[in-house]
Structure formats: C-alpha cells, structure tokens
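Right, one structure below, let's go through it.
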Amino acid sequence: MFKAPRGTVDILPGEQAYWRYIEEKAETVCRLYGYQRVDTPAFEDAGLFTRSVGEGTDIVNKEMYIFKDRSDNELALRPEGTASVCRAYLEHGMDNLPQPVKLYYFADIFRYERPQAGRYRQHHQFGCEAIGEASPMLDAEVIQMALEFFKSLGMTQFTLQLNSIGCKQCRPDYLQKLKEYYAPLAPGLCDDCRARIVKNPLRLLDCKKPGCQAAAEAAPKSSEYLCEDCRDHFDALKTYMEALKIEYSINHRLVRGLDYYTKTVFEVQPLEGGSQSALGGGGRYDDLIGELGGKPTPAIGFATGLERIVLNLKDQGIEVPEQKKPAVFMACMGNSAKIVALKTASDLREAGISVIVAAGDRSLKAQLRQANSVGATYAVIIGDDEIKEGMVTLRNMVTSDQQVVDPEELKRILGTQE
RNA sequence: GUGAGUGUUGCCCAGAGGCCGAAGGCGCCAGGUUGUGGCCCUGGAGAACGAGGGUUCGAAUCCCUCCACUCACCCCA
C-alpha cells in the first residue's frame with residue numbers, strides 16, 4: 001500500500017471546514033486592505049531561492065527540495081513564498097503599476113525537515129506582500145492586517161514581537177559589534193554558536209541553548225545601532241503602532257531565518273503552545289527586488305502557516321461554520337423510479353438546489369438512513385405508488401412531515417424553504 | 001542530523017508467554033415495518049496483532065534488526 005510521503009498529510013473532507021474558514025477570512029482581510037491574489041508556480045529555478053533566502057540559511061542549506069528536470073534545469077520546490085512573488089513582480093513589469101503593488105497568495109511550501117507537531121514537509125501558507133513603498137506606514141498596516149486576520153478567525157491568545165535589524169548601511173557595523181562582543185565569550189558557547197560568530201552573527205541571538213542564553217541576552221541590541229534612517233523608520237513605526245493601539249513587545253533577539261530582511265521584522269506567537277509555535281511572521285525586505293535584478297524597490301510582507309492556525313483553532317476550541325449539507329436526498333425504488341429520480345434531480349440542481357441521488361438498489365430504510373447521515377433537509381421518495389400518480393413524496397427530515405407533491409412543484413416548494 | 005516514545009480491524013482502544021482460532025466502543029452493512037431515517041434491539045462483514053529474525057513445547061505478549069509514525073532539539077509557518 002502506498003502512503004503519503006513523510007511529512008505530508010491528506011486534508012480530508014472532515015477537516016475542510018477549517019481550511020475554507022481560514023481562506024474566507026484571509027480573503028476578507030485582503031479585500032479590506034486592497035490586496036490582490038497572485039498564484040505562482042510550486043517550483044522555480046533553484047537559484048531564485050539561494051539568492052533571495054540566502055546561502056547561509058538552514059532553508060537553503062539543508063531544507064530545499066532541489067531536483068533536475070529532464071532538461072537539466074536545476075529547480076526547487078518553493079521553500080517560502082516571497083521570492084516567487086518578487087520574481088513575478090519583476091517578470092511582469094509590475095513596477096509599472098501604481099506603487100505599492102499589494103499581493104496575497106495561498107501557497108504550498110516545501111521544506112525537507114523532520115516532521116513534528118505543526119511542522120511538515122509540505123505545508124500551506126497565506127501571505128501578503130506590499131512592494132514598492134518604503135514608508136513605515138506600510139509596515140504598520142501590514143502588521144495590523146496580520147493581526148486583524150488572526151482576530152477575525154476568533155483567535156485572541158497571541159502576542160506580537162517586533163524588532164528592527166537595520167539595513168545594509170548600519171548592519172555591518174552592528175555585526176562587527178556583535179562579533180567583538182562574542183569573541184571573548186566563544187569558549188563558553190555551543191559549537192553552532194562558535195561557527196555563527198564568523199558565518200552568521202545575527203543568528204547568535206536566537207540560540208536556545210542554556211549556555212548561550214546569557215550571552216545572547218546581554219548582547220548588543222540591533223535597535224541601538226541603527227543608522228539615522230533606520231532609527232527614524234523604527235520610531236515612526238512605533239508611533240503608528242501606538243496610534244493604532246496595537247500592543248507589541250520589542251524582542252531584541254528576534255532576527256528571522258531568512259537573509260533578505262531589513263529594518264522591521266516581526267513574529268506572531270501564541271501565548272502558550274508547543275515549541276513549533278510561530279503562527280506567522282514577516283518583515284521588510286528593501287534590498288530583495290534589487291538583488292533579483294530589479295531596480296531598488298522597498299517592500300514588506302508577512303506569511304502565516306495554515307496548519308498551525310488549524311492547530312490553534314482546535315486548541316482554543318474555536319468553532320468554525322459547518323460545511324453546507326445537501327438540501328435534498330433522493331430515494332428511489334424500482335427501475336422507472338431511477339429515471340424519474342435522475343431527471344428530477346437535474347431539474348432541482350438547475351434551480352440551484354443541491355441534491356444527492358441514491359444510486360443502487362438499497363432498501364428505502366437504508367436510503368433514508370443515508371439521507372439522515374448526510375444531513376439532508378429533505379428526502380424525496382419515488383416508488384411505484386408515486387410513479388403511478390405522477391407525483392413524488394417529499395419528506396422533511398427535520399420535522400418528519402411528509403406530503404405527496406407534483407414534481408413540478410418541488411422547485412417552488414424547496415426554493416422558498418432555503 | 002540528535003534524543004525519547006509508540007506501532008493490534010476504516011477510527012479509538014483492551015490485551016503483559018498458553019483461556020487470543022484477539023475483546024469492546026465508533027463507524028459500516030443487514031434485519032427488527034409488506035415502501036420510511038434519527039433512539040433502541042439483534043445479527044454480520046472486517047485484524048494472522050508494522051516487517052523480518054530469534055528465545056520457548058507455546059509469543060500480539062520476551063529479545064534483536066529494520067521500517068513507519070509521534071514528540072522533542074535545531075530551525076521555522
């Protein structure tokens with residue numbers, strides 16, 4: 001027997017209510033904020049990701065699904081959403097549209113990781129990107145939008161963490177400061193961290209190892225080494241956040257795992273929950289479009305993991321609307337009844353009424369049992385008696401009222417009941 | 001890549017060397033009404049107990065190997 005590959009899951013009909021709910025809320029938020037949907041391919045040139053996400057990151061180093069196709073193109077299943085959207089922005093000349101261009105997406109994301117709670121090899125993200133505007137107003141708006149999205153789902157148990165990691169003007173200086181601070185501490189750090197001092201100093205800050213915690217806690221803070229532009233930007237953002245009454249906490253150790261971020265970075269964390277907890281995150285990436293070959297174009301975005309949202313909704317006991325039940329279940333007995341049932345059903349469907357027709361030769365009892373279990377509001381019963389009269393029996397499954405009606409009348413009767 | 005746990009019918013799960021040719025619940029199917037659901041009752045189908053090897057007179061139950069899944073670390077959505 002075949003099984004779904006490791007780290008992948010089937011989202012069965014019984015789960016779909018959560019997914020439809022999330023998608024609907026996401027789309028509502030996007031409409032309110034003026035974002036338009038974009039869909040990009042599930043795989044891209046591998047180089048797109050190595051260049052954007054960064055050579056030194058875990059995602060690129062050990063998590064990408066890379067493969068060569070039959071023409072020897074090196075491709076990768078997308079390990080995140082932003083790079084593809086930026087590629088599409090450039091490829092389709094969206095820099096000629098009024099800026100900023102606001103796009104959202106639902107995408108499956110692939111990372112070769114060890115699966116665990118809330119973490120999969122294929123997962124789904126909803127994300128937004130606002131490309132072509134540098135103002136911190138947009139930062140505030142994007143963050144607000146992310147929070148409004150969670151709130152619209154009924155979620156309340158989460159916090160917002162914020163930081164600024166500077167830009168290419170000020171970050172080199174800050175990294176230098178970090179290195180200087182860490183150099184004498186190196187002997188006491190974990191192996192990973194010793195390597196990070198040279199390779200990726202920013203990552204020193206989010207090491208979870210007990211031995212490195214104290215060092216990270218007392219490390220120089222990026223927000224204290226910002227250039228004037230970055231500082232103004234961060235200050236303005238904080239002002240806007242206060243004006244919007246958005247609560248946040250500054251986390252000096254929040255750095256994010258993708259190299260393209262500049263200035264603002266943020267994460268949404270649930271109040272409690274497992275360690276795979278980040279519900280979403282994002283930040284500004286003012287240099288990315290330029291690095292991909294476009295003219296310098298500032299941008300900001302965020303993404304959320306749908307699997308984690310589903311987990312959270314369940315943990316919080318948040319109810320989602322049930323999926324629509326069929327209006328009519330059509331039971332029939334005998335061969336001529338089958339023909340009438342089929343015809344009647346298509347008539348009703350033409351009128352927009354959902355119908356399930358019992359196929360096969362099961363007893364009426366069995367058919368009605370099924371009508372009950374699929375949650376149909378009505379059963380239409382057709383047998384020899386009805387055929388003789390040219391009528392059908394309409395049974396209300398909720399009240400158990402039953403009447404014999406002309407099939408032509410069904411549409412009218414059912415139409416007004418809905 | 002590292003560590004821990006688990007692996008019995010579609011699902012949940014009992015079972016701890018012979019009473020297991022595997023129990024129960026849910027679900028499924030059928031019957032209890034000769035054309036009628038939801039409750040109830042009865043019956044039925046469905047598992048050689050992850051795979052392979054070993055110990056033993058005898059293993060779902062003990063040991064080994066492998067595989068899978070889960071959780072945790074790392075990192076992230």
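Labels for the structure tokens follow display order: chains A, B, ..., residues from 1 in each chain, ligands from 1.
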
With chain B as the partner and 7 Å as the cut-off, tabulate the residues of chain A that qualify, each row holding the nearest pair of atoms and their distance in Å to one decimal, using only C-alpha atoms (C1' of nucleotides), sorted by chain and rising number, as CSV.
residue,atom,partner,partner_atom,distance
A:Asp58,CA,B:C75,C1',6.8
A:Gln116,CA,B:C71,C1',6.7
A:Gln125,CA,B:A77,C1',6.6
A:Ala278,CA,B:A77,C1',6.6
A:Leu279,CA,B:A77,C1',6.1
A:Gly280,CA,B:A77,C1',5.8
A:Thr304,CA,B:A77,C1',5.3
A:Gly305,CA,B:A77,C1',3.7
A:Leu364,CA,B:G35,C1',6.3
A:Lys365,CA,B:U36,C1',5.8
A:Leu368,CA,B:G37,C1',4.6
A:Arg369,CA,B:G37,C1',4.5
A:Ala371,CA,B:G37,C1',6.9
A:Asn372,CA,B:G37,C1',5.5

Would you export the selected residues with C-alpha atoms as a short mmCIF file (atom, residue, chain, number, x, y, z; two decimals), in the first residue's frame, please?
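Below is the file that was written, selection29.cif:
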data_model
loop_
_atom_site.label_atom_id
_atom_site.label_comp_id
_atom_site.auth_asym_id
_atom_site.auth_seq_id
_atom_site.Cartn_x
_atom_site.Cartn_y
_atom_site.Cartn_z
CA ASP A 58 19.06 26.45 7.01
CA GLN A 116 6.63 17.10 14.22
CA GLN A 125 0.97 29.50 3.84
CA ALA A 278 5.13 30.83 15.40
CA LEU A 279 1.79 31.49 13.79
CA GLY A 280 3.24 33.91 11.35
CA THR A 304 1.27 32.59 8.18
CA GLY A 305 1.17 28.82 8.38
CA LEU A 364 -35.85 2.54 1.41
CA LYS A 365 -34.86 2.21 5.03
CA LEU A 368 -33.35 7.20 4.38
CA ARG A 369 -30.68 6.26 6.85
CA ALA A 371 -30.33 10.77 3.92
CA ASN A 372 -30.14 11.26 7.63
#

Legend entry - region 318-323 of chain A environment, 8 Å, only C-alpha atoms (C1' of nucleotides), sequence neighbours closer than 2 positions dropped, as a ChimeraX atom specification: /A:17-18,21,154-155,313-316,325

Dump of N, CA and C atoms for the selected residues, as a JSON list (two decimals), in the first residue's frame:
[["chain", "number", "residue", "atom", "x", "y", "z"],
["A", 17, "ALA", "N", -13.62, 22.16, 6.69],
["A", 17, "ALA", "CA", -14.32, 23.33, 7.22],
["A", 17, "ALA", "C", -13.33, 24.34, 7.78],
["A", 18, "TYR", "N", -12.29, 23.85, 8.44],
["A", 18, "TYR", "CA", -11.26, 24.76, 8.97],
["A", 18, "TYR", "C", -10.57, 25.53, 7.86],
["A", 21, "TYR", "N", -12.76, 28.08, 6.14],
["A", 21, "TYR", "CA", -12.96, 29.19, 7.07],
["A", 21, "TYR", "C", -11.77, 30.14, 7.04],
["A", 154, "GLY", "N", -11.21, 34.59, 15.22],
["A", 154, "GLY", "CA", -11.66, 34.34, 16.58],
["A", 154, "GLY", "C", -10.52, 34.07, 17.53],
["A", 155, "MET", "N", -9.30, 34.23, 17.04],
["A", 155, "MET", "CA", -8.14, 33.97, 17.89],
["A", 155, "MET", "C", -7.82, 35.20, 18.73],
["A", 313, "LEU", "N", -6.75, 26.87, 16.30],
["A", 313, "LEU", "CA", -8.21, 26.96, 16.38],
["A", 313, "LEU", "C", -8.76, 25.79, 17.19],
["A", 314, "LYS", "N", -8.20, 24.61, 16.95],
["A", 314, "LYS", "CA", -8.67, 23.43, 17.69],
["A", 314, "LYS", "C", -8.30, 23.54, 19.17],
["A", 315, "ASP", "N", -7.06, 23.93, 19.43],
["A", 315, "ASP", "CA", -6.63, 24.07, 20.82],
["A", 315, "ASP", "C", -7.51, 25.05, 21.58],
["A", 316, "GLN", "N", -7.86, 26.12, 20.91],
["A", 316, "GLN", "CA", -8.64, 27.15, 21.57],
["A", 316, "GLN", "C", -10.13, 26.80, 21.57],
["A", 325, "LYS", "N", -24.80, 21.33, 4.01],
["A", 325, "LYS", "CA", -25.36, 20.00, 3.81],
["A", 325, "LYS", "C", -26.23, 20.02, 2.56]]

Inset, instruction - Mind giving me the straight-line distance from CA of Leu97 (chain A) to CA of Phe43 (chain A) in Å, one decimal? - result: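 Interatomic distance, CA of Leu97 (chain A) to CA of Phe43 (chain A): 25.7 Å.
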
Inset, instruction - Determine, counting only C-alpha atoms (C1' of nucleotides), which protein, DNA and RNA residues have an atom within 9 Å of an atom of Asn61 (chain A); residues of the same chain fewer than 6 positions away are not included. Present the result as a list in words. - result: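 Once the adjacent positions are removed, what remains is Thr50, Gly54 and Glu55 of chain A.
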
Inset, instruction - Identify, on the basis of only C-alpha atoms (C1' of nucleotides), every residue whose closest approach to Ala376 (chain A) does not exceed 6 Å; exclude the query and any residue fewer than 5 positions from it along the same chain; express the result as a PyMOL selection string. - result: chain A and resi 326-329+371

Inset, instruction - Check region 67-217 of chain A with DSSP on the backbone and list each residue it calls strand (DSSP E), as JSON, numbers by chain. - result: {"A": [67, 68, 74, 75, 76, 77, 101, 102, 103, 104, 105, 106, 107, 108, 109, 110, 122, 123, 124, 125, 126, 127, 128, 129, 130, 131, 158, 159, 160, 161, 162, 163, 164]}

Exercise: U65 (chain B) partners within 12 Å, only C-alpha atoms (C1' of nucleotides), chain neighbours under 5 positions left out, as a PDB file with all heavy atoms, in the first residue's frame:
ATOM      1  P     A B  51       3.317  -7.338  10.368  1.00  0.00           P
ATOM      2  OP1   A B  51       2.397  -8.140   9.537  1.00  0.00           O
ATOM      3  OP2   A B  51       3.581  -7.710  11.775  1.00  0.00           O
ATOM      4  O5'   A B  51       4.723  -7.240   9.612  1.00  0.00           O
ATOM      5  C5'   A B  51       4.780  -6.899   8.229  1.00  0.00           C
ATOM      6  C4'   A B  51       6.223  -6.873   7.777  1.00  0.00           C
ATOM      7  O4'   A B  51       6.907  -5.794   8.458  1.00  0.00           O
ATOM      8  C3'   A B  51       7.021  -8.108   8.159  1.00  0.00           C
ATOM      9  O3'   A B  51       6.857  -9.151   7.217  1.00  0.00           O
ATOM     10  C2'   A B  51       8.450  -7.577   8.168  1.00  0.00           C
ATOM     11  O2'   A B  51       8.960  -7.435   6.857  1.00  0.00           O
ATOM     12  C1'   A B  51       8.235  -6.192   8.763  1.00  0.00           C
ATOM     13  N9    A B  51       8.394  -6.174  10.223  1.00  0.00           N
ATOM     14  C8    A B  51       7.408  -6.188  11.181  1.00  0.00           C
ATOM     15  N7    A B  51       7.871  -6.151  12.417  1.00  0.00           N
ATOM     16  C5    A B  51       9.250  -6.112  12.244  1.00  0.00           C
ATOM     17  C6    A B  51      10.308  -6.063  13.165  1.00  0.00           C
ATOM     18  N6    A B  51      10.136  -6.030  14.497  1.00  0.00           N
ATOM     19  N1    A B  51      11.569  -6.043  12.676  1.00  0.00           N
ATOM     20  C2    A B  51      11.726  -6.081  11.346  1.00  0.00           C
ATOM     21  N3    A B  51      10.817  -6.110  10.375  1.00  0.00           N
ATOM     22  C4    A B  51       9.589  -6.127  10.900  1.00  0.00           C
ATOM     23  P     G B  52       6.942 -10.663   7.752  1.00  0.00           P
ATOM     24  OP1   G B  52       6.578 -11.504   6.590  1.00  0.00           O
ATOM     25  OP2   G B  52       6.194 -10.790   9.028  1.00  0.00           O
ATOM     26  O5'   G B  52       8.487 -10.847   8.071  1.00  0.00           O
ATOM     27  C5'   G B  52       9.431 -10.847   7.003  1.00  0.00           C
ATOM     28  C4'   G B  52      10.834 -10.820   7.541  1.00  0.00           C
ATOM     29  O4'   G B  52      11.028  -9.614   8.322  1.00  0.00           O
ATOM     30  C3'   G B  52      11.188 -11.916   8.533  1.00  0.00           C
ATOM     31  O3'   G B  52      11.495 -13.154   7.920  1.00  0.00           O
ATOM     32  C2'   G B  52      12.420 -11.318   9.212  1.00  0.00           C
ATOM     33  O2'   G B  52      13.561 -11.407   8.391  1.00  0.00           O
ATOM     34  C1'   G B  52      11.983  -9.858   9.341  1.00  0.00           C
ATOM     35  N9    G B  52      11.354  -9.635  10.649  1.00  0.00           N
ATOM     36  C8    G B  52      10.021  -9.631  10.963  1.00  0.00           C
ATOM     37  N7    G B  52       9.800  -9.427  12.241  1.00  0.00           N
ATOM     38  C5    G B  52      11.067  -9.301  12.800  1.00  0.00           C
ATOM     39  C6    G B  52      11.469  -9.082  14.141  1.00  0.00           C
ATOM     40  O6    G B  52      10.768  -8.947  15.141  1.00  0.00           O
ATOM     41  N1    G B  52      12.853  -9.024  14.256  1.00  0.00           N
ATOM     42  C2    G B  52      13.744  -9.165  13.213  1.00  0.00           C
ATOM     43  N2    G B  52      15.040  -9.081  13.532  1.00  0.00           N
ATOM     44  N3    G B  52      13.385  -9.369  11.964  1.00  0.00           N
ATOM     45  C4    G B  52      12.045  -9.427  11.826  1.00  0.00           C
ATOM     46  P     G B  53      11.272 -14.514   8.772  1.00  0.00           P
ATOM     47  OP1   G B  53      11.585 -15.619   7.845  1.00  0.00           O
ATOM     48  OP2   G B  53       9.959 -14.459   9.458  1.00  0.00           O
ATOM     49  O5'   G B  53      12.398 -14.422   9.896  1.00  0.00           O
ATOM     50  C5'   G B  53      13.750 -14.713   9.559  1.00  0.00           C
ATOM     51  C4'   G B  53      14.665 -14.358  10.702  1.00  0.00           C
ATOM     52  O4'   G B  53      14.326 -13.031  11.195  1.00  0.00           O
ATOM     53  C3'   G B  53      14.556 -15.203  11.970  1.00  0.00           C
ATOM     54  O3'   G B  53      15.206 -16.458  11.861  1.00  0.00           O
ATOM     55  C2'   G B  53      15.252 -14.298  12.976  1.00  0.00           C
ATOM     56  O2'   G B  53      16.647 -14.302  12.817  1.00  0.00           O
ATOM     57  C1'   G B  53      14.686 -12.933  12.567  1.00  0.00           C
ATOM     58  N9    G B  53      13.490 -12.636  13.369  1.00  0.00           N
ATOM     59  C8    G B  53      12.175 -12.683  12.989  1.00  0.00           C
ATOM     60  N7    G B  53      11.345 -12.393  13.969  1.00  0.00           N
ATOM     61  C5    G B  53      12.179 -12.154  15.059  1.00  0.00           C
ATOM     62  C6    G B  53      11.869 -11.810  16.403  1.00  0.00           C
ATOM     63  O6    G B  53      10.758 -11.641  16.920  1.00  0.00           O
ATOM     64  N1    G B  53      13.015 -11.661  17.170  1.00  0.00           N
ATOM     65  C2    G B  53      14.299 -11.823  16.712  1.00  0.00           C
ATOM     66  N2    G B  53      15.280 -11.651  17.597  1.00  0.00           N
ATOM     67  N3    G B  53      14.609 -12.149  15.456  1.00  0.00           N
ATOM     68  C4    G B  53      13.507 -12.292  14.703  1.00  0.00           C
ATOM     69  P     G B  54      14.618 -17.695  12.744  1.00  0.00           P
ATOM     70  OP1   G B  54      15.403 -18.880  12.356  1.00  0.00           O
ATOM     71  OP2   G B  54      13.142 -17.705  12.639  1.00  0.00           O
ATOM     72  O5'   G B  54      15.001 -17.287  14.235  1.00  0.00           O
ATOM     73  C5'   G B  54      16.370 -17.219  14.616  1.00  0.00           C
ATOM     74  C4'   G B  54      16.503 -16.652  15.998  1.00  0.00           C
ATOM     75  O4'   G B  54      15.759 -15.408  16.094  1.00  0.00           O
ATOM     76  C3'   G B  54      15.905 -17.477  17.133  1.00  0.00           C
ATOM     77  O3'   G B  54      16.756 -18.553  17.515  1.00  0.00           O
ATOM     78  C2'   G B  54      15.825 -16.436  18.237  1.00  0.00           C
ATOM     79  O2'   G B  54      17.085 -16.171  18.827  1.00  0.00           O
ATOM     80  C1'   G B  54      15.374 -15.208  17.445  1.00  0.00           C
ATOM     81  N9    G B  54      13.921 -15.023  17.509  1.00  0.00           N
ATOM     82  C8    G B  54      12.994 -15.208  16.513  1.00  0.00           C
ATOM     83  N7    G B  54      11.765 -14.968  16.906  1.00  0.00           N
ATOM     84  C5    G B  54      11.889 -14.610  18.242  1.00  0.00           C
ATOM     85  C6    G B  54      10.910 -14.237  19.197  1.00  0.00           C
ATOM     86  O6    G B  54       9.697 -14.149  19.056  1.00  0.00           O
ATOM     87  N1    G B  54      11.481 -13.956  20.438  1.00  0.00           N
ATOM     88  C2    G B  54      12.821 -14.011  20.713  1.00  0.00           C
ATOM     89  N2    G B  54      13.176 -13.707  21.949  1.00  0.00           N
ATOM     90  N3    G B  54      13.752 -14.354  19.828  1.00  0.00           N
ATOM     91  C4    G B  54      13.216 -14.632  18.626  1.00  0.00           C
TER      92        G B  54
END

Please identify which residues in region 2-127 of chain A DSSP calls alpha helix (DSSP H) from the backbone, and express them as a short mmCIF file (atom, residue, chain, number, x, y, z; two decimals) with N, CA and C atoms, in the first residue's frame.
data_model
loop_
_atom_site.label_atom_id
_atom_site.label_comp_id
_atom_site.auth_asym_id
_atom_site.auth_seq_id
_atom_site.Cartn_x
_atom_site.Cartn_y
_atom_site.Cartn_z
N GLN A 16 -11.98 20.00 6.14
CA GLN A 16 -12.03 21.10 5.20
C GLN A 16 -12.71 22.35 5.74
N ALA A 17 -13.62 22.16 6.69
CA ALA A 17 -14.32 23.33 7.22
C ALA A 17 -13.33 24.34 7.78
N TYR A 18 -12.29 23.85 8.44
CA TYR A 18 -11.26 24.76 8.97
C TYR A 18 -10.57 25.53 7.86
N TRP A 19 -10.24 24.81 6.83
CA TRP A 19 -9.48 25.42 5.74
C TRP A 19 -10.30 26.45 4.99
N ARG A 20 -11.54 26.09 4.72
CA ARG A 20 -12.39 27.05 4.00
C ARG A 20 -12.60 28.29 4.85
N TYR A 21 -12.76 28.08 6.14
CA TYR A 21 -12.96 29.19 7.07
C TYR A 21 -11.77 30.14 7.04
N ILE A 22 -10.58 29.56 7.13
CA ILE A 22 -9.37 30.38 7.14
C ILE A 22 -9.22 31.13 5.82
N GLU A 23 -9.46 30.42 4.74
CA GLU A 23 -9.32 31.08 3.43
C GLU A 23 -10.31 32.23 3.28
N GLU A 24 -11.51 31.99 3.76
CA GLU A 24 -12.53 33.03 3.62
C GLU A 24 -12.15 34.26 4.42
N LYS A 25 -11.69 34.06 5.65
CA LYS A 25 -11.29 35.19 6.49
C LYS A 25 -10.08 35.91 5.88
N ALA A 26 -9.16 35.14 5.34
CA ALA A 26 -7.98 35.74 4.73
C ALA A 26 -8.39 36.61 3.55
N GLU A 27 -9.30 36.08 2.75
CA GLU A 27 -9.71 36.84 1.58
C GLU A 27 -10.44 38.12 1.97
N THR A 28 -11.21 38.02 3.03
CA THR A 28 -11.90 39.22 3.50
C THR A 28 -10.90 40.28 3.92
N VAL A 29 -9.92 39.89 4.69
CA VAL A 29 -8.92 40.85 5.14
C VAL A 29 -8.20 41.46 3.94
N CYS A 30 -7.87 40.63 2.98
CA CYS A 30 -7.15 41.13 1.81
C CYS A 30 -7.98 42.15 1.04
N ARG A 31 -9.26 41.86 0.96
CA ARG A 31 -10.14 42.81 0.27
C ARG A 31 -10.17 44.13 1.03
N LEU A 32 -10.27 44.05 2.36
CA LEU A 32 -10.36 45.27 3.16
C LEU A 32 -9.10 46.13 3.03
N TYR A 33 -7.97 45.47 2.80
CA TYR A 33 -6.71 46.21 2.74
C TYR A 33 -6.24 46.42 1.30
N ALA A 46 16.11 26.98 -8.90
CA ALA A 46 16.65 26.88 -7.54
C ALA A 46 17.40 28.16 -7.17
N GLY A 47 18.03 28.76 -8.15
CA GLY A 47 18.83 29.95 -7.89
C GLY A 47 18.02 31.10 -7.30
N LEU A 48 16.75 31.15 -7.65
CA LEU A 48 15.91 32.22 -7.11
C LEU A 48 15.93 32.20 -5.59
N PHE A 49 15.88 31.00 -5.04
CA PHE A 49 15.82 30.90 -3.58
C PHE A 49 17.18 31.03 -2.94
N THR A 50 18.20 30.44 -3.57
CA THR A 50 19.51 30.57 -2.95
C THR A 50 19.92 32.04 -2.92
N ARG A 51 19.54 32.78 -3.97
CA ARG A 51 19.92 34.17 -3.99
C ARG A 51 19.12 35.00 -3.00
N SER A 52 17.84 34.71 -2.85
CA SER A 52 17.00 35.56 -2.02
C SER A 52 17.02 35.14 -0.56
N VAL A 53 16.76 33.89 -0.31
CA VAL A 53 16.70 33.43 1.08
C VAL A 53 18.08 33.48 1.72
N ASP A 58 19.44 27.85 6.93
CA ASP A 58 19.06 26.45 7.01
C ASP A 58 18.18 26.06 5.84
N THR A 82 7.79 34.49 -0.62
CA THR A 82 8.11 35.86 -1.02
C THR A 82 8.94 35.94 -2.31
N ALA A 83 9.92 35.05 -2.42
CA ALA A 83 10.81 35.14 -3.57
C ALA A 83 10.04 35.00 -4.89
N SER A 84 9.09 34.07 -4.90
CA SER A 84 8.32 33.86 -6.13
C SER A 84 7.49 35.08 -6.48
N VAL A 85 6.91 35.68 -5.46
CA VAL A 85 6.08 36.86 -5.73
C VAL A 85 6.95 37.98 -6.28
N CYS A 86 8.13 38.14 -5.73
CA CYS A 86 9.03 39.18 -6.23
C CYS A 86 9.45 38.88 -7.66
N ARG A 87 9.71 37.63 -7.92
CA ARG A 87 10.08 37.24 -9.29
C ARG A 87 8.95 37.58 -10.24
N ALA A 88 7.71 37.28 -9.83
CA ALA A 88 6.56 37.57 -10.69
C ALA A 88 6.40 39.09 -10.87
N TYR A 89 6.64 39.81 -9.81
CA TYR A 89 6.55 41.27 -9.85
C TYR A 89 7.49 41.81 -10.93
N LEU A 90 8.70 41.31 -10.93
CA LEU A 90 9.69 41.77 -11.91
C LEU A 90 9.36 41.26 -13.30
N GLU A 91 9.06 39.97 -13.38
CA GLU A 91 8.86 39.35 -14.69
C GLU A 91 7.71 40.01 -15.44
#

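The interatomic distance for the pair C1' of U34 (chain B) and CA of Met397 (chain A) works out to 23.3 Å.
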
Legend entry - Shell of 10 Å around Ala341 (chain A), only C-alpha atoms (C1' of nucleotides), local chain residues under 6 positions omitted, as a ChimeraX atom specification: /A:330-333,335,347,357-359,380-383,392,407

Take the selection from the previous step and output its residues with N, CA, C and O atoms, as an mmCIF file, in the first residue's frame.
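File written: out.cif
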data_model
loop_
_atom_site.group_PDB
_atom_site.id
_atom_site.type_symbol
_atom_site.label_atom_id
_atom_site.label_comp_id
_atom_site.auth_asym_id
_atom_site.auth_seq_id
_atom_site.Cartn_x
_atom_site.Cartn_y
_atom_site.Cartn_z
ATOM 1 N N MET A 330 -32.454 12.055 -2.626
ATOM 2 C CA MET A 330 -33.496 11.450 -3.438
ATOM 3 C C MET A 330 -33.436 9.935 -3.344
ATOM 4 O O MET A 330 -32.452 9.319 -3.739
ATOM 5 N N ALA A 331 -34.492 9.385 -2.777
ATOM 6 C CA ALA A 331 -34.566 7.933 -2.625
ATOM 7 C C ALA A 331 -35.487 7.375 -3.691
ATOM 8 O O ALA A 331 -36.512 7.985 -4.022
ATOM 9 N N CYS A 332 -35.110 6.246 -4.221
ATOM 10 C CA CYS A 332 -35.988 5.685 -5.246
ATOM 11 C C CYS A 332 -35.992 4.165 -5.186
ATOM 12 O O CYS A 332 -35.015 3.540 -4.767
ATOM 13 N N MET A 333 -37.125 3.617 -5.598
ATOM 14 C CA MET A 333 -37.271 2.163 -5.604
ATOM 15 C C MET A 333 -37.796 1.725 -6.964
ATOM 16 O O MET A 333 -38.837 2.194 -7.407
ATOM 17 N N ASN A 335 -36.868 0.426 -11.162
ATOM 18 C CA ASN A 335 -36.131 0.960 -12.300
ATOM 19 C C ASN A 335 -36.733 2.217 -12.902
ATOM 20 O O ASN A 335 -36.010 3.135 -13.284
ATOM 21 N N ASP A 347 -33.364 18.688 -12.606
ATOM 22 C CA ASP A 347 -34.241 19.867 -12.552
ATOM 23 C C ASP A 347 -33.944 20.722 -11.332
ATOM 24 O O ASP A 347 -33.797 21.940 -11.431
ATOM 25 N N VAL A 357 -28.506 11.866 -5.125
ATOM 26 C CA VAL A 357 -29.386 10.802 -5.570
ATOM 27 C C VAL A 357 -28.834 9.468 -5.076
ATOM 28 O O VAL A 357 -27.658 9.177 -5.257
ATOM 29 N N ALA A 358 -29.702 8.690 -4.461
ATOM 30 C CA ALA A 358 -29.284 7.362 -4.033
ATOM 31 C C ALA A 358 -29.121 6.508 -5.279
ATOM 32 O O ALA A 358 -30.025 6.400 -6.083
ATOM 33 N N ALA A 359 -27.942 5.944 -5.412
ATOM 34 C CA ALA A 359 -27.737 5.056 -6.547
ATOM 35 C C ALA A 359 -27.710 3.637 -6.013
ATOM 36 O O ALA A 359 -27.359 3.417 -4.863
ATOM 37 N N VAL A 380 -36.691 13.154 -0.970
ATOM 38 C CA VAL A 380 -37.737 12.964 -1.981
ATOM 39 C C VAL A 380 -37.789 11.469 -2.237
ATOM 40 O O VAL A 380 -36.766 10.844 -2.497
ATOM 41 N N ILE A 381 -38.979 10.899 -2.094
ATOM 42 C CA ILE A 381 -39.130 9.451 -2.233
ATOM 43 C C ILE A 381 -39.929 9.137 -3.494
ATOM 44 O O ILE A 381 -41.009 9.695 -3.703
ATOM 45 N N ILE A 382 -39.369 8.297 -4.305
ATOM 46 C CA ILE A 382 -40.048 7.923 -5.544
ATOM 47 C C ILE A 382 -40.109 6.404 -5.638
ATOM 48 O O ILE A 382 -39.076 5.735 -5.602
ATOM 49 N N GLY A 383 -41.314 5.887 -5.721
ATOM 50 C CA GLY A 383 -41.511 4.448 -5.873
ATOM 51 C C GLY A 383 -42.673 4.198 -6.807
ATOM 52 O O GLY A 383 -43.152 5.122 -7.473
ATOM 53 N N VAL A 392 -44.404 12.789 -6.450
ATOM 54 C CA VAL A 392 -43.295 12.319 -5.625
ATOM 55 C C VAL A 392 -43.643 12.611 -4.165
ATOM 56 O O VAL A 392 -44.456 13.492 -3.892
ATOM 57 N N PRO A 407 -43.963 16.778 -9.034
ATOM 58 C CA PRO A 407 -42.527 17.061 -9.177
ATOM 59 C C PRO A 407 -42.266 18.489 -9.637
ATOM 60 O O PRO A 407 -41.254 19.095 -9.274
#

Legend entry - Residues within 8 Å of Glu307 (chain A), only C-alpha atoms (C1' of nucleotides), excluding chain neighbours under 6 positions, as a count of residues only: 4

Inset, instruction - Would you mind telling me which residue in A:Arg284, A:Lys209, A:Lys388, A:His92 lies nearest to Gly166 (chain A) when using only C-alpha atoms? - result: A:Arg284

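Between CA of Leu311 (chain A) and CA of Tyr285 (chain A) the separation is 29.0 Å.
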
Legend entry - Selected residue, from B:A59, B:A4, B:A45, B:C13, that lies nearest to C28 (chain B) when counting only C-alpha atoms (C1' of nucleotides):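 Nearest candidate to C28 (chain B) out of B:A59, B:A4, B:A45, B:C13: B:A45.
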
Inset, instruction - Pick out the closest residue to Val255 (chain A) from this set: A:Leu202, A:Gly390, A:Tyr112, A:Asp401. Count only C-alpha atoms. - result: A:Leu202
